[in-house]
>>> print(open('protein.cif').read())   # mmCIF, C-alpha atoms
data_structure
loop_
_atom_site.label_atom_id
_atom_site.label_comp_id
_atom_site.auth_asym_id
_atom_site.auth_seq_id
_atom_site.Cartn_x
_atom_site.Cartn_y
_atom_site.Cartn_z
CA MET J 346 -26.44 -14.69 1.42
CA THR J 347 -25.07 -11.33 2.58
CA TYR J 348 -23.60 -10.69 6.01
CA PHE J 349 -26.66 -8.59 6.82
CA GLU J 350 -29.06 -11.38 5.86
CA LEU J 351 -27.08 -13.83 7.97
CA PHE J 352 -27.27 -11.55 11.02
CA GLU J 353 -30.89 -10.65 10.20
CA ILE J 354 -30.19 -6.92 10.26
CA PRO J 355 -30.93 -4.27 7.63
CA LEU J 356 -28.24 -3.21 5.20
CA GLN J 357 -26.34 -0.34 6.82
CA LEU J 358 -23.03 1.47 6.67
CA LYS J 359 -22.62 1.66 10.45
CA VAL J 360 -23.62 -1.43 12.39
CA ASP J 361 -24.80 -1.06 15.97
CA LYS J 362 -22.41 -3.35 17.82
CA THR J 363 -24.36 -3.65 21.08
CA GLY J 364 -26.35 -6.78 20.17
CA LEU J 365 -23.81 -8.14 17.72
CA PRO J 366 -21.84 -10.50 20.02
CA LEU J 367 -25.05 -12.07 21.33
CA LYS J 368 -26.33 -12.67 17.79
CA TYR J 369 -22.91 -14.00 16.77
CA PHE J 370 -22.90 -16.58 19.58
CA GLU J 371 -26.49 -17.57 18.81
CA LEU J 372 -25.63 -18.14 15.14
CA SER J 373 -22.34 -19.84 16.08
CA ARG J 374 -24.27 -22.45 18.04
CA LYS J 375 -26.78 -22.83 15.24
CA TYR J 376 -24.21 -23.34 12.47
CA HIS J 377 -21.22 -24.83 14.28
CA PRO J 378 -19.96 -27.79 12.20
CA ASP J 379 -19.67 -30.00 15.33
CA PHE J 380 -23.47 -30.06 15.58
CA PHE J 381 -23.73 -31.52 12.08
CA THR J 382 -21.54 -34.62 12.45
CA ASN J 383 -24.52 -36.95 11.92
CA ALA J 384 -26.06 -34.83 9.16
CA SER J 385 -25.78 -35.44 5.44
CA ALA J 386 -22.66 -34.34 3.59
CA GLU J 387 -24.67 -31.53 2.00
CA GLU J 388 -25.87 -30.25 5.40
CA GLN J 389 -22.33 -30.49 6.80
CA ALA J 390 -20.97 -28.47 3.88
CA GLU J 391 -23.69 -25.84 4.33
CA ALA J 392 -22.98 -25.57 8.06
CA LEU J 393 -19.26 -25.19 7.39
CA GLU J 394 -19.95 -22.52 4.76
CA LYS J 395 -22.29 -20.58 7.05
CA SER J 396 -19.88 -20.86 9.96
CA ALA J 397 -17.08 -19.39 7.84
CA LEU J 398 -19.40 -16.68 6.52
CA LEU J 399 -20.47 -15.88 10.07
CA ASN J 400 -16.87 -15.37 11.20
CA LYS J 401 -16.11 -13.12 8.22
CA ALA J 402 -19.29 -11.12 8.78
CA PHE J 403 -18.58 -10.62 12.48
CA ARG J 404 -15.02 -9.42 11.77
CA THR J 405 -16.33 -7.04 9.10
CA PHE J 406 -19.00 -5.60 11.39
CA GLN J 407 -16.41 -5.00 14.12
CA ASN J 408 -14.49 -2.63 11.82
CA PRO J 409 -16.44 0.42 10.56
CA ASP J 410 -14.16 0.87 7.54
CA GLU J 411 -14.55 -2.78 6.54
CA THR J 412 -18.34 -2.48 6.87
CA ILE J 413 -18.35 0.54 4.53
CA LYS J 414 -16.11 -1.33 2.11
CA TYR J 415 -18.40 -4.38 2.19
CA VAL J 416 -21.55 -2.34 1.49
CA LEU J 417 -19.88 -0.45 -1.35
CA GLN J 418 -18.77 -3.78 -2.83
CA LEU J 419 -22.31 -5.18 -2.49
CA LYS J 420 -23.57 -2.15 -4.39
CA GLY J 421 -20.96 -2.66 -7.12
CA LEU J 422 -19.34 0.69 -6.36
CA LEU J 423 -15.99 -0.57 -5.11
CA GLU J 424 -13.72 -3.22 -6.53
CA GLU J 425 -10.84 -5.00 -4.85
CA GLU J 426 -7.48 -3.40 -5.78
CA GLU J 427 -9.28 -0.48 -7.44
CA LYS J 428 -7.08 2.48 -8.37
CA TYR J 429 -9.08 5.37 -6.97
CA GLU J 430 -7.97 8.90 -7.80
CA LEU J 431 -8.19 11.27 -4.85
CA PRO J 432 -8.74 15.01 -5.34
CA PRO J 433 -5.48 16.99 -5.83
CA ALA J 434 -6.32 19.43 -2.99
CA PHE J 435 -6.60 16.55 -0.53
CA LEU J 436 -3.36 15.01 -1.78
CA MET J 437 -1.54 18.33 -1.38
CA GLU J 438 -2.82 18.66 2.18
CA VAL J 439 -1.59 15.21 3.20
CA LEU J 440 1.67 15.66 1.27
CA THR J 441 2.40 18.68 3.46
CA ILE J 442 1.80 16.58 6.57
CA ASN J 443 3.95 13.76 5.16
CA GLU J 444 6.83 16.16 4.58
CA ALA J 445 6.46 17.62 8.07
CA MET J 446 6.51 14.09 9.51
CA MET J 447 9.90 13.43 7.97
CA ASP J 448 11.33 16.45 9.77
CA ALA J 449 9.48 15.82 13.04
CA GLU J 450 11.81 14.63 15.72
CA ASP J 451 10.37 15.97 18.94
CA GLU J 452 7.06 15.00 20.49
CA THR J 453 5.63 18.54 20.33
CA VAL J 454 5.83 18.57 16.54
CA LYS J 455 4.45 15.03 16.34
CA GLY J 456 1.58 16.08 18.61
CA LYS J 457 0.74 18.98 16.29
CA LEU J 458 0.81 16.66 13.30
CA LYS J 459 -1.54 14.24 15.05
CA LEU J 460 -3.93 17.14 15.68
CA ALA J 461 -3.71 18.14 12.00
CA ILE J 462 -4.51 14.58 10.96
CA ASP J 463 -7.45 14.45 13.38
CA LYS J 464 -8.74 17.74 11.92
CA ILE J 465 -8.54 16.38 8.37
CA GLN J 466 -10.32 13.21 9.43
CA LEU J 467 -13.18 15.25 10.92
CA GLU J 468 -13.34 17.38 7.77
CA ILE J 469 -13.62 14.38 5.46
CA TYR J 470 -16.20 12.64 7.67
CA GLU J 471 -18.52 15.62 8.17
CA PRO J 472 -20.04 15.62 4.64
CA VAL J 473 -20.89 11.89 4.80
CA GLN J 474 -21.67 11.51 8.50
CA LYS J 475 -25.47 11.48 8.07
CA MET J 476 -25.25 8.99 5.20
CA VAL J 477 -22.98 6.65 7.14
CA GLU J 478 -24.91 6.81 10.39
CA HIS J 479 -28.42 6.82 8.89
CA TYR J 480 -28.11 4.84 5.66
CA GLN J 481 -31.44 3.61 4.36
CA GLU J 482 -31.64 1.05 1.61
CA GLY J 483 -33.59 2.43 -1.33
CA ILE J 484 -33.42 6.03 -0.04
CA THR J 485 -29.68 6.75 0.01
CA THR J 486 -28.73 7.48 -3.60
CA GLU J 487 -25.82 6.13 -5.62
CA LYS J 488 -24.42 9.68 -5.76
CA GLU J 489 -24.38 9.76 -1.95
CA LEU J 490 -22.74 6.34 -1.83
CA LEU J 491 -20.05 7.59 -4.20
CA GLN J 492 -19.35 10.37 -1.67
CA VAL J 493 -18.98 7.66 0.98
CA LYS J 494 -16.58 5.86 -1.36
CA GLU J 495 -14.41 8.96 -1.63
CA TYR J 496 -14.47 9.28 2.16
CA TYR J 497 -13.45 5.61 2.46
CA TYR J 498 -10.35 6.13 0.27
CA LYS J 499 -9.41 9.38 1.98
CA LYS J 500 -9.75 7.69 5.37
CA LYS J 501 -7.47 4.86 4.27
CA TYR J 502 -4.88 7.43 3.27
CA ILE J 503 -5.20 9.26 6.60
CA ASP J 504 -4.94 5.96 8.51
CA ARG J 505 -1.66 5.11 6.74
CA ILE J 506 -0.21 8.49 7.69
CA ARG J 507 -1.40 8.10 11.28
CA GLN J 508 0.23 4.67 11.42
CA GLN J 509 3.55 6.08 10.19
CA LEU J 510 3.38 8.77 12.84
CA THR J 511 3.05 6.26 15.67
CA VAL J 512 5.93 4.08 14.50
#
>>> encode(input="protein.cif", output="structure tokens")
Amino acid sequence: MTYFELFEIPLQLKVDKTGLPLKYFELSRKYHPDFFTNASAEEQAEALEKSALLNKAFRTFQNPDETIKYVLQLKGLLEEEEKYELPPAFLMEVLTINEAMMDAEDETVKGKLKLAIDKIQLEIYEPVQKMVEHYQEGITTEKELLQVKEYYYKKKYIDRIRQQLTV
């Protein structure tokens, strides 16, 4: 059972979070192991499994990057610990920012670097925005999903740089 099947929502790259907590609490009550104390061992095991799956699904849906990762894994397009090769032009761009970060001591320079990182993030999201926000199972192609995969890895790289900048 996928996280989407459990929550009874269509497969998507960007989950609408408005009704998510309500559905989570509804399913939590339905599958909470405490309600299965008098059930058979098999039913107790199933409730425990679904309860754990529910918690993992809810955490995944709360994080847009984790949701993208999960869908790409479901589609067999992303593997755990995969060594993904980013385009050299992108790597050069972030290398320049990395070098500037090492020399940045005052807040003005750090502010400019944050703006540069924000600009890059917008640039990498723009080509996949429609696919992420309006994914349709059976219509979105594998080629488009591979573009989303590249975005996912670029975004991870940008997030690491952003994290270093705030430390």
>>> atom_distance(input="protein.cif", atom1="CA of Ile462 (chain J)", atom2="CA of Tyr497 (chain J)")
15.3 Å
>>> residues_around(input="protein.cif", residues="Phe381 (chain J)", least_positions_apart="5", cutoff="12 Å", atoms="only C-alpha atoms", output="list in words")
Arg374, Lys375, Tyr376, Ala386, Glu387, Glu388, Gln389, Ala390, Glu391, Ala392, Leu393 and Ser396 of chain J
>>> write_last_selection(input="protein.cif", atoms="C-alpha atoms", output="tab-separated table (two decimals), keeping the file's coordinate frame")
chain	number	residue	atom	x	y	z
J	374	ARG	CA	-24.27	-22.45	18.04
J	375	LYS	CA	-26.78	-22.83	15.24
J	376	TYR	CA	-24.21	-23.34	12.47
J	386	ALA	CA	-22.66	-34.34	3.59
J	387	GLU	CA	-24.67	-31.53	2.00
J	388	GLU	CA	-25.87	-30.25	5.40
J	389	GLN	CA	-22.33	-30.49	6.80
J	390	ALA	CA	-20.97	-28.47	3.88
J	391	GLU	CA	-23.69	-25.84	4.33
J	392	ALA	CA	-22.98	-25.57	8.06
J	393	LEU	CA	-19.26	-25.19	7.39
J	396	SER	CA	-19.88	-20.86	9.96
>>> residues_around(input="protein.cif", residues="Tyr429 (chain J)", least_positions_apart="5", cutoff="10 Å", atoms="only C-alpha atoms", output="list in words")
Leu423, Glu424, Lys494, Glu495, Tyr498 and Lys499 of chain J
>>> atom_distance(input="protein.cif", atom1="CA of Gln509 (chain J)", atom2="CA of Leu431 (chain J)")
19.8 Å
>>> residues_around(input="protein.cif", residues="Pro409 (chain J)", least_positions_apart="2", cutoff="8 Å", atoms="all atoms listed in the file", output="count of residues only")
9
>>> residues_near_point(input="protein.cif", point="(-3.2, 14.2, 2.1)", cutoff="10 Å", atoms="all atoms listed in the file", output="PyMOL selection string")
chain J and resi 431-443+462+465+499-500+502-503+506
>>> write_last_selection(input="protein.cif", atoms="C-alpha atoms", output="CSV table (one decimal), keeping the file's coordinate frame")
chain,number,residue,atom,x,y,z
J,431,LEU,CA,-8.2,11.3,-4.8
J,432,PRO,CA,-8.7,15.0,-5.3
J,433,PRO,CA,-5.5,17.0,-5.8
J,434,ALA,CA,-6.3,19.4,-3.0
J,435,PHE,CA,-6.6,16.6,-0.5
J,436,LEU,CA,-3.4,15.0,-1.8
J,437,MET,CA,-1.5,18.3,-1.4
J,438,GLU,CA,-2.8,18.7,2.2
J,439,VAL,CA,-1.6,15.2,3.2
J,440,LEU,CA,1.7,15.7,1.3
J,441,THR,CA,2.4,18.7,3.5
J,442,ILE,CA,1.8,16.6,6.6
J,443,ASN,CA,4.0,13.8,5.2
J,462,ILE,CA,-4.5,14.6,11.0
J,465,ILE,CA,-8.5,16.4,8.4
J,499,LYS,CA,-9.4,9.4,2.0
J,500,LYS,CA,-9.8,7.7,5.4
J,502,TYR,CA,-4.9,7.4,3.3
J,503,ILE,CA,-5.2,9.3,6.6
J,506,ILE,CA,-0.2,8.5,7.7
>>> atom_distance(input="protein.cif", atom1="CA of His377 (chain J)", atom2="CA of Lys395 (chain J)")
8.5 Å
>>> closest_residue(input="protein.cif", among="J:His479, J:Lys362, J:Lys457, J:Lys414", to="Tyr496 (chain J)", atoms="only C-alpha atoms")
J:Lys414
>>> residues_around(input="protein.cif", residues="Phe352 (chain J)", least_positions_apart="4", cutoff="9 Å", atoms="all atoms listed in the file", output="PyMOL selection string")
chain J and resi 347-348+365+368-369+372+399+402-403
>>> write_last_selection(input="protein.cif", atoms="C-alpha atoms", output="short mmCIF file (atom, residue, chain, number, x, y, z; two decimals), in the coordinates of the input")
data_model
loop_
_atom_site.label_atom_id
_atom_site.label_comp_id
_atom_site.auth_asym_id
_atom_site.auth_seq_id
_atom_site.Cartn_x
_atom_site.Cartn_y
_atom_site.Cartn_z
CA THR J 347 -25.07 -11.33 2.58
CA TYR J 348 -23.60 -10.69 6.01
CA LEU J 365 -23.81 -8.14 17.72
CA LYS J 368 -26.33 -12.67 17.79
CA TYR J 369 -22.91 -14.00 16.77
CA LEU J 372 -25.63 -18.14 15.14
CA LEU J 399 -20.47 -15.88 10.07
CA ALA J 402 -19.29 -11.12 8.78
CA PHE J 403 -18.58 -10.62 12.48
#
>>> residues_around(input="protein.cif", residues="Pro472 (chain J)", least_positions_apart="6", cutoff="12 Å", atoms="only C-alpha atoms", output="PyMOL selection string")
chain J and resi 466+478+489-496
